[in-house]
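File shown: structure-v3.cif (mmCIF, C-alpha atoms).
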```
data_my_file
#
loop_
_atom_site.label_atom_id
_atom_site.label_comp_id
_atom_site.auth_asym_id
_atom_site.auth_seq_id
_atom_site.Cartn_x
_atom_site.Cartn_y
_atom_site.Cartn_z
CA MET A 1 -11.10 32.32 70.39
CA MET A 2 -11.03 32.06 74.19
CA ALA A 3 -14.26 30.79 75.73
CA SER A 4 -16.13 32.93 78.22
CA GLU A 5 -14.60 32.12 81.59
CA GLN A 6 -17.83 33.11 83.32
CA GLU A 7 -19.84 30.63 81.22
CA ILE A 8 -17.50 27.77 82.04
CA ALA A 9 -17.33 28.75 85.72
CA ASP A 10 -21.14 28.69 85.86
CA LEU A 11 -21.16 25.18 84.39
CA GLU A 12 -18.61 24.04 86.96
CA ARG A 13 -20.60 25.43 89.88
CA MET A 14 -23.69 23.53 88.77
CA SER A 15 -21.92 20.19 88.57
CA GLY A 16 -23.36 18.90 91.85
CA ASN A 17 -21.57 17.26 94.74
CA TYR A 18 -19.14 14.61 93.55
CA GLU A 19 -16.31 13.05 95.53
CA PRO A 20 -13.64 11.55 93.23
CA ALA A 21 -11.74 8.42 94.21
CA VAL A 22 -8.36 9.17 95.77
CA THR A 23 -7.17 5.57 95.50
CA GLY A 24 -6.98 3.10 92.65
CA PRO A 25 -5.11 3.40 89.33
CA LEU A 26 -3.86 6.77 88.15
CA VAL A 27 -5.66 6.04 84.86
CA GLY A 28 -8.31 3.31 84.83
CA LYS A 29 -9.13 0.79 82.15
CA LEU A 30 -11.93 1.36 79.66
CA GLN A 31 -15.36 0.54 81.02
CA SER A 32 -18.92 1.04 79.87
CA THR A 33 -20.63 4.32 80.69
CA GLN A 34 -23.50 2.19 81.98
CA ALA A 35 -21.46 2.22 85.19
CA ILE A 36 -22.08 5.98 85.45
CA VAL A 37 -25.81 5.36 84.94
CA ALA A 38 -25.76 2.88 87.81
CA GLU A 39 -23.79 5.30 90.00
CA TYR A 40 -26.51 7.95 89.70
CA ALA A 41 -29.49 5.57 89.74
CA GLN A 42 -30.56 6.85 93.16
CA ALA A 43 -29.82 10.52 92.45
CA ASP A 44 -32.38 13.24 91.77
CA PRO A 45 -34.28 13.18 88.42
CA ILE A 46 -31.96 15.72 86.72
CA TYR A 47 -28.93 13.47 87.16
CA ILE A 48 -30.89 10.34 86.29
CA HIS A 49 -32.04 11.85 82.97
CA LYS A 50 -28.59 13.15 82.03
CA THR A 51 -26.64 10.02 82.95
CA THR A 52 -29.23 7.78 81.29
CA ALA A 53 -28.74 9.69 78.03
CA LEU A 54 -24.93 9.53 78.25
CA PRO A 55 -24.32 5.99 76.83
CA ALA A 56 -26.22 6.82 73.63
CA LYS A 57 -23.35 9.11 72.56
CA TYR A 58 -20.45 8.09 74.77
CA SER A 59 -20.01 4.35 75.08
CA HIS A 60 -16.97 4.12 77.38
CA TYR A 61 -15.00 6.06 79.97
CA ARG A 62 -11.86 5.88 82.08
CA THR A 63 -11.58 6.97 85.68
CA LEU A 64 -8.71 9.22 86.81
CA ARG A 65 -7.42 9.22 90.36
CA GLY A 66 -8.69 12.32 92.16
CA ASP A 67 -5.37 13.54 93.49
CA GLY A 68 -5.34 17.14 92.24
CA ASN A 69 -3.67 16.18 88.95
CA CYS A 70 -6.55 14.39 87.22
CA GLY A 71 -7.29 17.14 84.66
CA TRP A 72 -3.64 17.51 83.68
CA ARG A 73 -3.19 13.74 83.55
CA ALA A 74 -6.37 13.26 81.50
CA LEU A 75 -5.21 15.77 78.88
CA ALA A 76 -1.69 14.31 78.72
CA PHE A 77 -2.99 10.75 78.43
CA GLY A 78 -5.61 11.83 75.88
CA TYR A 79 -2.92 13.56 73.82
CA PHE A 80 -0.93 10.32 73.47
CA GLU A 81 -4.06 8.28 72.77
CA ALA A 82 -5.21 10.74 70.10
CA LEU A 83 -1.82 10.58 68.36
CA LEU A 84 -2.03 6.79 68.38
CA ARG A 85 -5.54 6.94 66.86
CA ILE A 86 -4.28 9.28 64.13
CA GLY A 87 -1.62 6.67 63.39
CA ASP A 88 0.83 8.90 61.50
CA GLY A 89 4.42 8.26 62.56
CA ALA A 90 5.77 11.36 60.85
CA LYS A 91 3.26 13.52 62.71
CA ILE A 92 4.30 12.04 66.04
CA LEU A 93 7.93 12.80 65.25
CA GLU A 94 6.91 16.36 64.35
CA GLU A 95 5.28 16.60 67.79
CA LEU A 96 8.50 15.32 69.33
CA ALA A 97 10.49 18.00 67.49
CA LYS A 98 8.03 20.73 68.59
CA LEU A 99 8.18 19.63 72.21
CA LYS A 100 11.97 19.71 72.14
CA GLU A 101 11.74 23.29 70.87
CA TYR A 102 9.83 24.14 74.05
CA ASN A 103 13.06 23.65 75.97
CA LYS A 104 14.11 27.08 74.65
CA ARG A 105 10.91 28.59 76.08
CA PHE A 106 11.63 27.00 79.46
CA GLU A 107 15.08 28.56 79.57
CA ALA A 108 13.68 31.91 78.42
CA ILE A 109 11.44 32.09 81.52
CA GLY A 110 14.23 31.01 83.84
CA ILE A 111 13.74 27.23 84.11
CA PRO A 112 17.22 25.67 83.82
CA ALA A 113 17.94 22.53 81.84
CA GLU A 114 18.81 20.56 84.96
CA THR A 115 15.22 21.13 86.12
CA TYR A 116 13.11 20.67 83.00
CA GLU A 117 15.04 17.65 81.68
CA ASP A 118 13.69 15.58 84.56
CA PHE A 119 10.17 16.11 83.21
CA THR A 120 10.73 16.19 79.46
CA GLU A 121 12.71 12.99 78.89
CA PRO A 122 9.88 10.56 79.82
CA THR A 123 7.56 12.40 77.40
CA PHE A 124 10.11 12.14 74.59
CA GLU A 125 10.69 8.45 75.31
CA LEU A 126 6.95 7.67 75.26
CA LEU A 127 6.51 9.49 71.94
CA GLN A 128 9.37 7.45 70.49
CA GLN A 129 7.78 4.28 71.85
CA THR A 130 4.49 5.31 70.23
CA VAL A 131 6.19 5.52 66.83
CA ALA A 132 7.80 2.12 67.38
CA ASN A 133 4.41 0.58 68.28
CA LEU A 134 2.49 2.01 65.31
CA PRO A 135 2.86 -0.93 62.91
CA ASN A 136 1.56 -3.38 65.53
CA HIS A 137 0.34 -1.42 68.54
CA ASP A 138 -1.53 -2.97 71.45
CA ASP A 139 -4.55 -0.64 71.59
CA GLY A 140 -2.53 1.77 73.71
CA GLU A 141 -1.80 -0.57 76.60
CA PHE A 142 1.80 0.65 76.68
CA ILE A 143 0.51 4.23 77.13
CA LEU A 144 -1.78 3.10 79.94
CA ALA A 145 1.15 1.31 81.61
CA ALA A 146 3.32 4.42 81.41
CA PHE A 147 0.62 6.65 82.93
CA ASN A 148 0.14 4.20 85.80
CA ASP A 149 3.86 4.07 86.55
CA PRO A 150 4.27 6.05 89.80
CA GLU A 151 7.56 7.56 88.60
CA ILE A 152 6.89 8.19 84.89
CA SER A 153 3.30 9.44 85.14
CA PRO A 154 3.93 12.50 87.37
CA GLN A 155 6.94 13.48 85.25
CA ILE A 156 4.93 13.52 82.00
CA THR A 157 2.01 15.25 83.70
CA TYR A 158 4.27 17.97 85.10
CA HIS A 159 5.82 18.46 81.65
CA PHE A 160 2.36 19.56 80.47
CA ARG A 161 2.25 22.09 83.33
CA LEU A 162 5.62 23.46 82.20
CA ILE A 163 4.39 23.79 78.61
CA THR A 164 1.39 25.77 79.86
CA THR A 165 3.39 28.12 82.08
CA ALA A 166 6.01 28.67 79.34
CA TRP A 167 3.35 29.55 76.76
CA MET A 168 1.53 31.93 79.10
CA GLN A 169 4.69 33.73 80.18
CA SER A 170 5.72 34.02 76.52
CA HIS A 171 2.44 35.84 75.81
CA PRO A 172 1.81 37.87 79.00
CA ASP A 173 -0.01 40.76 77.33
CA TYR A 174 -2.57 38.47 75.73
CA TYR A 175 -3.44 36.57 78.91
CA ALA A 176 -3.34 39.57 81.26
CA ASP A 177 -6.93 40.44 80.29
CA PHE A 178 -8.13 37.08 81.59
CA LEU A 179 -6.43 37.55 84.97
CA PRO A 180 -7.73 40.86 86.35
CA ASP A 181 -6.68 40.16 89.95
CA THR A 182 -3.12 38.94 89.42
CA THR A 183 -0.19 38.97 87.02
CA VAL A 184 0.52 36.20 84.53
CA GLU A 185 3.74 35.31 86.35
CA ASP A 186 2.02 35.08 89.75
CA TYR A 187 -0.86 33.10 88.28
CA CYS A 188 1.56 30.56 86.81
CA ARG A 189 3.53 30.34 90.05
CA THR A 190 0.46 29.79 92.25
CA THR A 191 -2.00 27.97 89.95
CA ILE A 192 -0.18 26.20 87.11
CA GLU A 193 3.19 25.15 88.52
CA PRO A 194 2.35 23.72 92.00
CA SER A 195 1.88 19.96 91.91
CA GLN A 196 -1.58 18.69 92.93
CA LYS A 197 -3.15 22.01 91.96
CA GLU A 198 -5.97 21.10 89.58
CA ILE A 199 -6.22 22.62 86.12
CA ASP A 200 -8.69 25.50 85.79
CA ASN A 201 -10.48 27.12 82.83
CA VAL A 202 -7.60 29.38 81.85
CA GLY A 203 -4.98 26.65 82.16
CA LEU A 204 -7.05 24.29 80.03
CA GLN A 205 -7.52 26.85 77.28
CA VAL A 206 -3.82 27.75 77.30
CA LEU A 207 -2.77 24.10 76.98
CA ALA A 208 -5.25 23.66 74.13
CA THR A 209 -3.73 26.64 72.31
CA ALA A 210 -0.09 25.86 73.09
CA LEU A 211 -0.05 22.17 72.23
CA ILE A 212 -3.20 20.10 71.80
CA ASN A 213 -5.13 22.03 69.14
CA GLU A 214 -1.84 22.72 67.35
CA ALA A 215 -1.38 18.95 67.09
CA GLY A 216 -4.71 18.69 65.25
CA ILE A 217 -6.49 17.35 68.35
CA ALA A 218 -9.76 18.82 69.64
CA ILE A 219 -10.97 18.92 73.26
CA GLU A 220 -14.56 18.45 74.41
CA VAL A 221 -15.53 18.96 78.06
CA LEU A 222 -18.91 17.69 79.25
CA TYR A 223 -20.33 19.11 82.48
CA LEU A 224 -22.50 16.77 84.54
CA ASP A 225 -24.51 19.41 86.39
CA ARG A 226 -27.97 20.43 87.60
CA SER A 227 -28.73 22.82 84.76
CA PRO A 228 -32.02 22.35 82.83
CA GLY A 229 -32.04 19.84 80.00
CA ALA A 230 -32.04 16.11 79.40
CA GLU A 231 -28.37 15.87 78.35
CA VAL A 232 -25.03 17.06 79.68
CA ASN A 233 -23.82 20.52 78.68
CA HIS A 234 -20.54 20.68 76.82
CA HIS A 235 -17.88 23.07 75.57
CA GLU A 236 -15.43 22.44 72.74
CA TRP A 237 -11.95 23.63 71.86
CA ASN A 238 -12.00 22.82 68.15
CA VAL A 239 -9.27 22.43 65.55
CA LEU A 240 -9.63 25.01 62.78
CA ASP A 241 -8.39 24.76 59.21
CA ALA A 242 -6.60 27.51 57.23
CA GLU A 243 -9.95 29.16 56.50
CA GLY A 244 -11.02 29.17 60.14
CA LYS A 245 -13.55 26.36 59.71
CA VAL A 246 -13.94 23.58 62.29
CA VAL A 247 -12.23 20.31 61.34
CA GLU A 248 -15.05 17.90 62.14
CA SER A 249 -12.87 14.81 61.65
CA ALA A 250 -10.23 15.85 64.20
CA SER A 251 -9.29 13.28 66.82
CA THR A 252 -10.81 14.45 70.11
CA ILE A 253 -10.01 14.24 73.82
CA ARG A 254 -13.31 14.08 75.71
CA LEU A 255 -13.46 14.97 79.40
CA LEU A 256 -16.32 14.47 81.85
CA TYR A 257 -16.22 17.20 84.48
CA ARG A 258 -17.66 16.82 87.96
CA PRO A 259 -16.72 19.28 90.76
CA GLY A 260 -12.95 19.54 90.84
CA HIS A 261 -12.51 16.28 88.94
CA TYR A 262 -12.10 15.02 85.39
CA ASP A 263 -12.57 11.58 83.85
CA LEU A 264 -12.13 10.59 80.18
CA LEU A 265 -15.07 9.81 77.88
CA TYR A 266 -15.07 7.95 74.55
CA LYS A 267 -17.44 7.57 71.64
CA SER A 268 -17.69 4.17 70.00
CA GLU A 269 -15.77 5.43 66.95
CA ASP A 270 -12.84 6.38 69.21
CA ILE A 271 -12.59 2.76 70.31
CA PHE A 272 -12.90 1.55 66.71
CA LYS A 273 -10.10 3.81 65.47
CA MET A 274 -7.82 2.58 68.25
CA SER A 275 -8.43 -1.02 67.11
CA MET A 276 -8.01 -0.50 63.34
CA ALA A 277 -5.60 -2.77 61.45
CA PRO A 278 -2.12 -1.30 60.90
CA MET A 279 -0.98 0.04 57.52
CA ALA A 280 0.57 -2.49 55.15
CA HIS A 281 3.45 -0.19 54.16
CA PRO A 282 3.93 2.33 56.97
CA GLU A 283 7.38 3.31 55.73
CA VAL A 284 5.86 4.92 52.59
CA ARG A 285 3.43 6.96 54.69
CA PHE A 286 6.21 8.11 56.98
CA VAL A 287 8.61 9.12 54.20
CA THR A 288 6.09 10.94 52.03
CA SER A 289 4.84 12.90 55.06
CA ILE A 290 8.24 14.50 55.67
CA PRO A 291 8.55 18.05 54.25
CA THR A 292 11.45 18.66 51.86
CA PHE A 293 13.75 21.66 52.21
CA SER A 294 16.57 23.21 50.25
CA ALA A 295 20.02 22.39 51.58
CA SER A 296 20.74 26.13 51.54
CA ASP A 297 18.14 26.56 54.27
CA THR A 298 20.44 25.45 57.08
CA ALA A 299 17.95 25.41 59.96
CA ALA A 300 15.20 23.68 58.01
CA PHE A 301 17.62 21.19 56.50
CA SER A 302 18.96 20.35 59.96
CA TYR A 303 15.43 19.81 61.25
CA SER A 304 14.61 17.57 58.27
CA MET A 305 17.72 15.45 58.82
CA ASP A 306 16.93 15.08 62.53
CA HIS A 307 13.42 14.03 61.57
CA VAL A 308 14.62 11.38 59.11
CA GLY A 309 17.20 10.25 61.65
CA LEU A 310 14.45 9.53 64.15
CA LEU A 311 12.62 7.51 61.52
CA ALA A 312 15.74 5.48 60.84
CA GLU A 313 16.25 4.86 64.54
CA TYR A 314 12.74 3.66 65.33
CA LEU A 315 11.61 1.97 62.11
CA PRO A 316 13.42 -1.31 61.45
CA GLY A 317 14.79 -1.52 57.93
CA TYR A 318 14.51 2.21 57.18
CA THR A 319 17.70 3.87 55.91
CA LEU A 320 18.93 7.44 55.95
CA SER A 321 18.27 8.96 52.53
CA MET A 322 16.84 12.29 51.51
CA THR A 323 15.64 10.76 48.21
CA PRO A 324 14.42 7.28 49.17
CA THR A 325 13.11 4.70 46.73
CA TYR A 326 10.21 2.45 47.65
CA SER A 327 10.20 -1.31 47.39
CA THR A 328 7.14 -3.30 46.34
CA LEU A 329 8.01 -5.88 48.98
CA PRO A 330 5.71 -5.88 52.04
CA TYR A 331 7.00 -4.26 55.22
CA HIS A 332 7.51 -6.75 58.06
CA GLN A 333 7.55 -5.63 61.66
CA PRO A 334 9.75 -7.81 63.92
CA GLN A 335 7.89 -9.97 66.40
CA THR A 336 9.32 -7.97 69.29
CA ILE A 337 10.70 -4.46 69.56
CA PRO A 338 13.69 -4.33 71.88
CA THR A 339 13.06 -2.03 74.82
CA PRO A 340 15.30 -1.13 77.75
CA PRO A 341 14.85 -3.47 80.72
CA LYS A 342 12.65 -2.03 83.44
CA THR A 343 12.79 -3.01 87.08
CA THR A 344 10.32 -2.25 89.84
CA PRO A 345 12.05 -1.49 93.15
CA SER A 346 10.90 -3.72 95.98
CA PRO A 347 9.49 -2.07 99.11
CA ILE A 348 11.88 -1.99 102.08
CA THR A 349 10.80 -4.35 104.83
CA ARG A 350 11.76 -3.28 108.37
CA THR A 351 11.68 -5.67 111.32
CA GLU A 352 12.28 -5.38 115.06
CA SER A 353 14.95 -8.10 115.15
CA ILE A 354 18.54 -7.62 114.08
CA SER A 355 19.69 -10.02 111.36
CA PRO A 356 23.21 -11.49 111.39
CA ALA A 357 25.73 -9.42 109.51
CA LYS A 358 26.19 -10.37 105.87
CA PRO A 359 29.17 -9.73 103.61
CA LYS A 360 28.86 -6.41 101.86
CA ALA A 361 28.15 -6.58 98.15
CA PRO A 362 30.59 -4.74 95.92
CA ALA A 363 29.65 -1.11 95.42
CA THR A 364 27.83 -0.35 92.19
CA SER A 365 27.19 2.96 90.52
CA PRO A 366 23.55 4.10 90.48
CA SER A 367 21.80 3.71 87.12
CA PRO A 368 20.92 6.80 85.05
CA SER A 369 17.25 5.95 85.63
CA SER A 370 17.57 5.93 89.43
CA LEU A 371 19.58 9.15 89.35
CA ARG A 372 16.89 10.83 87.26
CA ILE A 373 14.13 9.63 89.59
CA GLU A 374 15.99 10.92 92.65
CA LYS A 375 16.63 14.23 90.92
CA PHE A 376 12.94 14.43 89.99
CA ARG A 377 11.91 13.95 93.61
CA THR A 378 14.36 16.60 94.79
CA THR A 379 13.13 19.06 92.15
CA MET A 380 9.48 18.47 93.08
CA GLU A 381 10.28 19.01 96.77
CA GLN A 382 12.04 22.28 95.92
CA LEU A 383 9.10 23.45 93.78
CA GLU A 384 6.68 22.68 96.60
CA LEU A 385 8.96 24.47 99.11
CA ASN A 386 9.18 27.54 96.89
CA TYR A 387 5.39 27.60 96.59
CA ASP A 388 4.91 27.24 100.36
CA LEU A 389 7.42 30.04 101.02
CA SER A 390 5.64 32.33 98.53
CA GLN A 391 2.32 31.61 100.26
CA ASP A 392 3.84 32.31 103.70
CA LYS A 393 5.28 35.60 102.43
CA LYS A 394 1.92 36.54 100.91
CA SER A 395 0.16 35.84 104.24
CA SER A 396 2.82 37.83 106.12
CA ASP A 397 2.46 40.80 103.75
CA GLU A 398 -1.32 40.74 104.13
CA GLN A 399 -0.98 40.69 107.93
CA ASP A 400 1.43 43.65 107.80
CA GLN A 401 -1.08 45.57 105.68
CA ILE A 402 -3.84 44.88 108.20
CA SER A 403 -1.63 46.00 111.11
CA SER A 404 -0.65 49.19 109.25
CA ALA A 405 -4.30 49.99 108.54
CA ARG A 406 -5.20 49.62 112.22
CA GLU A 407 -2.39 51.95 113.24
#
```
When written as structure tokens, how does the structure in this file appear?
Amino acid sequence: MMASEQEIADLERMSGNYEPAVTGPLVGKLQSTQAIVAEYAQADPIYIHKTTALPAKYSHYRTLRGDGNCGWRALAFGYFEALLRIGDGAKILEELAKLKEYNKRFEAIGIPAETYEDFTEPTFELLQQTVANLPNHDDGEFILAAFNDPEISPQITYHFRLITTAWMQSHPDYYADFLPDTTVEDYCRTTIEPSQKEIDNVGLQVLATALINEAGIAIEVLYLDRSPGAEVNHHEWNVLDAEGKVVESASTIRLLYRPGHYDLLYKSEDIFKMSMAPMAHPEVRFVTSIPTFSASDTAAFSYSMDHVGLLAEYLPGYTLSMTPTYSTLPYHQPQTIPTPPKTTPSPITRTESISPAKPKAPATSPSPSSLRIEKFRTTMEQLELNYDLSQDKKSSDEQDQISSARE
């Protein structure tokens, strides 16, 4: 059930005057919420009471850079963290399969493959890396590193925007009632798709419906505002079971909202789950979690084989078999998991003087990674240009209407 937009908007308006940091890491490291208490120590009594009560329930938080993408980035990062806490490799591969199915939705609303592939591939690669890290993960440090990579992070974050716009435009009649002053298509073009346009109430609820709740992950938003009470107000997007009851044990993404900005909050049990010891025999869990289908069901059988194929590719020692047998021998994860080499381009240094000419190095073909990054930048520039042109046209049309009215 969609939350009342008016209720959430009222909570947002009461969230005081807060200026988020526009520098620093895209996603910060975990730190104690006592830092928030110290930040508001000189504020008015309402904020002092609410922030003082915060650490009793929420022990840690992460800062997000306030660049207009913090809400989208927080939800994307939280999604990966929640999957890691759940710790089920088969489930992560199911998420990977579902996200690949979204490519059809992108094409259905007119987004060509050459555009969406720039944003989807880093998400797919990080999900695959998450599966590979499950037997001996590093408390999610590899996820944090990916979301602080200046090339990878915006690609994954924009993928979540595309998922939201594709879902909304696939269900225009349903969401039209929540957008009385515009069409679903225009709303997506002006509010969801432009980069550095922060997520709003509708966008958050759509993303919860389209992806996050469907993955068995709940969302909780806490509003640090000036409303009466000794604790922060909150709203939840819960996971429901087949009977419509709230799944209390669902892994949860927790957001702290201050005007136009989101940070991530954690309860102590969230930290504990992230640090739990790995399963002794993860291959049994993965295999028994895979649904079985009749070979006569072509589509389902194909999906099942793809699913098992992914397991074989990312779990050392696992073999392709629709009817596997289990060994009593312990499963041993290799000391290191081979990953593609990654290089960080050095900044170009320009000087006034002219250096002596050097022999030219033999020409080399650009790597697939550099080509994808360049294509990503070009696509983003085109998206921003399209948005600016649509805004200019809108302003021009409004001016024409005013001139006509005067005549």
Shell around A:Ile156 at 8 Å using only C-alpha atoms, local window under 5 positions removed, as number ranges by chain:
A: 76, 119-120, 122-123
Rank A:Leu83, A:Leu265, A:Leu162, A:Leu144 by their smallest atom-to-atom distance to A:Gly110, using all atoms listed in the file, and report the top residue only.
A:Leu162
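Using all atoms listed in the file, the set of residues no farther than 6 Å from the position (-1.7, 3.9, 87.1) comprises Pro25, Leu26, Val27, Phe147, Asn148 and Asp149 of chain A.
Using only C-alpha atoms, the smallest distance between any of A:Thr63, A:Gln34, A:Gln196, A:Gln155 and A:Thr51 comes from A:Gln34.
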Rank A:Leu127, A:Leu264, A:Ala82, A:Ile219 by their smallest atom-to-atom distance to A:Leu64, using all atoms listed in the file, and report the top residue only.
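The answer is A:Leu264, which sits nearest to A:Leu64.
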How many Å separate atom CA of A:Lys98 from atom CA of A:Trp167?
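Computed distance, atom CA of A:Lys98 to atom CA of A:Trp167, equals 12.9 Å.
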For atom CA of A:Gly244 and atom CA of A:Asn103, quote the distance in Å rounded to one decimal.
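Here the two named atoms are 29.3 Å from each other.
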re atom CA of A:Val202 and atom CA of A:Gly68: distance 16.2 Å
Smallest atom-to-atom distance to A:Leu222: which of A:Tyr58, A:Ala176, A:Asp44, A:Phe142, using all atoms listed in the file?
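The answer is A:Tyr58, which sits nearest to A:Leu222.
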Nearest residue to A:Lys273 out of A:Lys197, A:Arg85, A:Lys245, A:His49, using only C-alpha atoms?
A:Arg85
Kindly reconstruct stretch 28-45 of chain A with N, CA and C atoms and present the result as a JSON list (two decimals), keeping the file's coordinate frame.
```json
[["chain", "number", "residue", "atom", "x", "y", "z"],
["A", 28, "GLY", "N", -7.62, 4.60, 84.82],
["A", 28, "GLY", "CA", -8.31, 3.31, 84.83],
["A", 28, "GLY", "C", -8.45, 2.71, 83.44],
["A", 29, "LYS", "N", -8.86, 1.47, 83.41],
["A", 29, "LYS", "CA", -9.13, 0.79, 82.15],
["A", 29, "LYS", "C", -10.47, 1.23, 81.59],
["A", 30, "LEU", "N", -10.66, 1.02, 80.29],
["A", 30, "LEU", "CA", -11.93, 1.36, 79.66],
["A", 30, "LEU", "C", -13.06, 0.56, 80.30],
["A", 31, "GLN", "N", -14.18, 1.23, 80.54],
["A", 31, "GLN", "CA", -15.36, 0.54, 81.02],
["A", 31, "GLN", "C", -16.60, 1.22, 80.45],
["A", 32, "SER", "N", -17.69, 0.52, 80.45],
["A", 32, "SER", "CA", -18.92, 1.04, 79.87],
["A", 32, "SER", "C", -19.46, 2.21, 80.68],
["A", 33, "THR", "N", -20.02, 3.19, 79.99],
["A", 33, "THR", "CA", -20.63, 4.32, 80.69],
["A", 33, "THR", "C", -21.92, 3.92, 81.40],
["A", 34, "GLN", "N", -22.36, 2.67, 81.20],
["A", 34, "GLN", "CA", -23.50, 2.19, 81.98],
["A", 34, "GLN", "C", -23.17, 2.20, 83.47],
["A", 35, "ALA", "N", -21.88, 2.15, 83.79],
["A", 35, "ALA", "CA", -21.46, 2.22, 85.19],
["A", 35, "ALA", "C", -21.80, 3.58, 85.80],
["A", 36, "ILE", "N", -21.71, 4.64, 84.98],
["A", 36, "ILE", "CA", -22.08, 5.98, 85.45],
["A", 36, "ILE", "C", -23.59, 6.04, 85.68],
["A", 37, "VAL", "N", -24.35, 5.41, 84.78],
["A", 37, "VAL", "CA", -25.81, 5.36, 84.94],
["A", 37, "VAL", "C", -26.16, 4.70, 86.27],
["A", 38, "ALA", "N", -25.49, 3.59, 86.57],
["A", 38, "ALA", "CA", -25.76, 2.88, 87.81],
["A", 38, "ALA", "C", -25.36, 3.71, 89.03],
["A", 39, "GLU", "N", -24.28, 4.46, 88.89],
["A", 39, "GLU", "CA", -23.79, 5.30, 90.00],
["A", 39, "GLU", "C", -24.80, 6.35, 90.41],
["A", 40, "TYR", "N", -25.55, 6.88, 89.42],
["A", 40, "TYR", "CA", -26.51, 7.95, 89.70],
["A", 40, "TYR", "C", -27.95, 7.45, 89.72],
["A", 41, "ALA", "N", -28.14, 6.13, 89.80],
["A", 41, "ALA", "CA", -29.49, 5.57, 89.74],
["A", 41, "ALA", "C", -30.39, 6.06, 90.87],
["A", 42, "GLN", "N", -29.78, 6.38, 92.01],
["A", 42, "GLN", "CA", -30.56, 6.85, 93.16],
["A", 42, "GLN", "C", -30.47, 8.36, 93.35],
["A", 43, "ALA", "N", -29.94, 9.07, 92.35],
["A", 43, "ALA", "CA", -29.82, 10.52, 92.45],
["A", 43, "ALA", "C", -31.14, 11.19, 92.12],
["A", 44, "ASP", "N", -31.15, 12.55, 92.11],
["A", 44, "ASP", "CA", -32.38, 13.24, 91.77],
["A", 44, "ASP", "C", -32.66, 13.11, 90.27],
["A", 45, "PRO", "N", -33.88, 13.42, 89.82],
["A", 45, "PRO", "CA", -34.28, 13.18, 88.42],
["A", 45, "PRO", "C", -33.37, 13.85, 87.39]]
```
